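J.: One structure, pasted below without further comment.
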Amino acid sequence: MDSRSSQYIDVHQFDYSYQHLDYPPLELTDLEKKQWMERLIASMKNPIAIHGARLIVANIGHEANQDHTNKKSADDILVLLAKHVLEKDKEFLPMIEEQLQDMLQLGQCAQGRTTRLWQLYKAIK
């Protein structure tokens, strides 16, 4: 953790707070999700963010990516963000990289993964 870490809010304060909000259902196989995420990773420059994204890729469909408190999946949200960046707005990529870096450095639990990505998803919707 760097010296900025004391400025960050504990993501667990958001537990159960956005479980009623949803994103469109993804009708993708795990392999298709991985392909979207790998395309996103190929566009990234921040090595720490790349490591964070690879952590999510390695856990597609597994508990480590499932935030049961808010009923969200980190791999689903990252795919939605990947589609946004790759199809619409490449300028959004640095924000994704920043959140993936924070996730890796400040909290890799399921809530740490989903809450940071969820905030980005809500920004594009």
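We name chains A, B, ... following the order of the structure tokens; residues begin at 1 in each chain, and ligands are numbered from 1 as shown.
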Could you list, with a cut-off of 12 Å and counting only C-alpha atoms, the residues of segment 22-56 of chain A near segment 119-125 of chain A, each shown with its nearest atom pair and the distance in Å rounded to one decimal, rows sorted by chain and ascending number, as CSV?
T.:
residue,atom,partner,partner_atom,distance
A:Asp22,CA,A:Lys122,CA,9.9
A:Tyr23,CA,A:Tyr121,CA,8.7
A:Pro24,CA,A:Lys125,CA,11.1
J.: What lies within 8 Å of Asn65 of chain A using only C-alpha atoms, ignoring chain neighbours under 6 positions off, as a PyMOL selection string?
T.: chain A and resi 56+59+73-75+109-110+113-114
J.: Go ahead and dump the residues you just picked, C-alpha atoms, as a short mmCIF file (atom, residue, chain, number, x, y, z; two decimals), in the first residue's frame.
T.:
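File written: again.cif
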data_model
loop_
_atom_site.label_atom_id
_atom_site.label_comp_id
_atom_site.auth_asym_id
_atom_site.auth_seq_id
_atom_site.Cartn_x
_atom_site.Cartn_y
_atom_site.Cartn_z
CA ILE A 56 -10.26 -11.48 -12.07
CA ASN A 59 -11.29 -16.49 -11.15
CA SER A 73 -19.91 -10.63 -10.23
CA ALA A 74 -16.56 -8.93 -10.81
CA ASP A 75 -16.07 -10.82 -14.05
CA CYS A 109 -11.91 -9.61 -1.65
CA ALA A 110 -15.05 -10.03 -3.75
CA ARG A 113 -13.36 -6.25 -6.76
CA THR A 114 -17.01 -5.56 -7.45
#
J.: Find the residues near Val57 of chain A: any atom within 8 Å, counting only C-alpha atoms, skip ones fewer than 2 places away on the same chain, and give them as a list in words.
T.: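 Those residues are Lys34, Met37, Ala53, Arg54, Leu55, Asn59, Ile60 and Asp75 of chain A.
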J.: Write a file of the selected residues as an mmCIF file, in the first residue's frame, keeping N, CA and C atoms.
T.:
data_model
loop_
_atom_site.group_PDB
_atom_site.id
_atom_site.type_symbol
_atom_site.label_atom_id
_atom_site.label_comp_id
_atom_site.auth_asym_id
_atom_site.auth_seq_id
_atom_site.Cartn_x
_atom_site.Cartn_y
_atom_site.Cartn_z
ATOM 1 N N LYS A 34 -13.556 -14.298 -20.923
ATOM 2 C CA LYS A 34 -12.092 -14.231 -20.885
ATOM 3 C C LYS A 34 -11.562 -13.505 -22.115
ATOM 4 N N MET A 37 -12.021 -9.777 -21.697
ATOM 5 C CA MET A 37 -11.085 -9.247 -20.706
ATOM 6 C C MET A 37 -9.656 -9.237 -21.232
ATOM 7 N N ALA A 53 -6.425 -7.189 -13.210
ATOM 8 C CA ALA A 53 -7.353 -7.734 -14.209
ATOM 9 C C ALA A 53 -7.126 -9.231 -14.393
ATOM 10 N N ARG A 54 -5.874 -9.634 -14.405
ATOM 11 C CA ARG A 54 -5.560 -11.070 -14.562
ATOM 12 C C ARG A 54 -6.062 -11.888 -13.368
ATOM 13 N N LEU A 55 -6.067 -11.282 -12.205
ATOM 14 C CA LEU A 55 -6.619 -11.948 -11.025
ATOM 15 C C LEU A 55 -8.108 -12.233 -11.228
ATOM 16 N N ASN A 59 -10.204 -16.043 -12.036
ATOM 17 C CA ASN A 59 -11.290 -16.492 -11.154
ATOM 18 C C ASN A 59 -12.670 -16.358 -11.790
ATOM 19 N N ILE A 60 -12.728 -16.314 -13.123
ATOM 20 C CA ILE A 60 -14.027 -16.226 -13.801
ATOM 21 C C ILE A 60 -14.922 -17.362 -13.334
ATOM 22 N N ASP A 75 -16.368 -10.525 -12.649
ATOM 23 C CA ASP A 75 -16.069 -10.824 -14.047
ATOM 24 C C ASP A 75 -17.140 -10.264 -14.979
#
J.: Give the strand (DSSP E or B) residues of chain A, as DSSP finds them on the backbone, and put them as a VMD selection string.
T.: chain A and resid 66 to 67 72 to 73
J.: With 10 Å as the cut-off and only C-alpha atoms counted, what is the closest atom pair between each nearby residue of segment 46-65 of chain A and segment 83-99 of chain A? Distances in Å to one decimal, ordered by chain and number, as a tab-separated table.
T.:
residue	atom	partner	partner_atom	distance
A:Asn46	CA	A:Glu97	CA	6.6
A:Pro47	CA	A:Glu97	CA	9.1
A:Ile48	CA	A:Glu97	CA	8.3
A:Ala49	CA	A:Glu97	CA	5.0
A:Ile50	CA	A:Glu97	CA	7.6
A:Gly52	CA	A:Glu97	CA	8.7
A:Ala53	CA	A:Glu97	CA	8.6
J.: Write a file of the selected residues as a compact mmCIF listing (two decimals), in the first residue's frame, keeping C-alpha atoms.
T.:
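The resulting file, out.txt, is reproduced below:
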# COMPACT_ATOMS: atom_id res chain seq x y z
CA ASN A 46 -0.31 -0.07 -15.92
CA PRO A 47 1.38 -3.33 -14.83
CA ILE A 48 -0.33 -3.33 -11.43
CA ALA A 49 -3.75 -2.89 -13.07
CA ILE A 50 -2.93 -5.66 -15.52
CA GLY A 52 -5.47 -7.00 -10.99
CA ALA A 53 -7.35 -7.73 -14.21
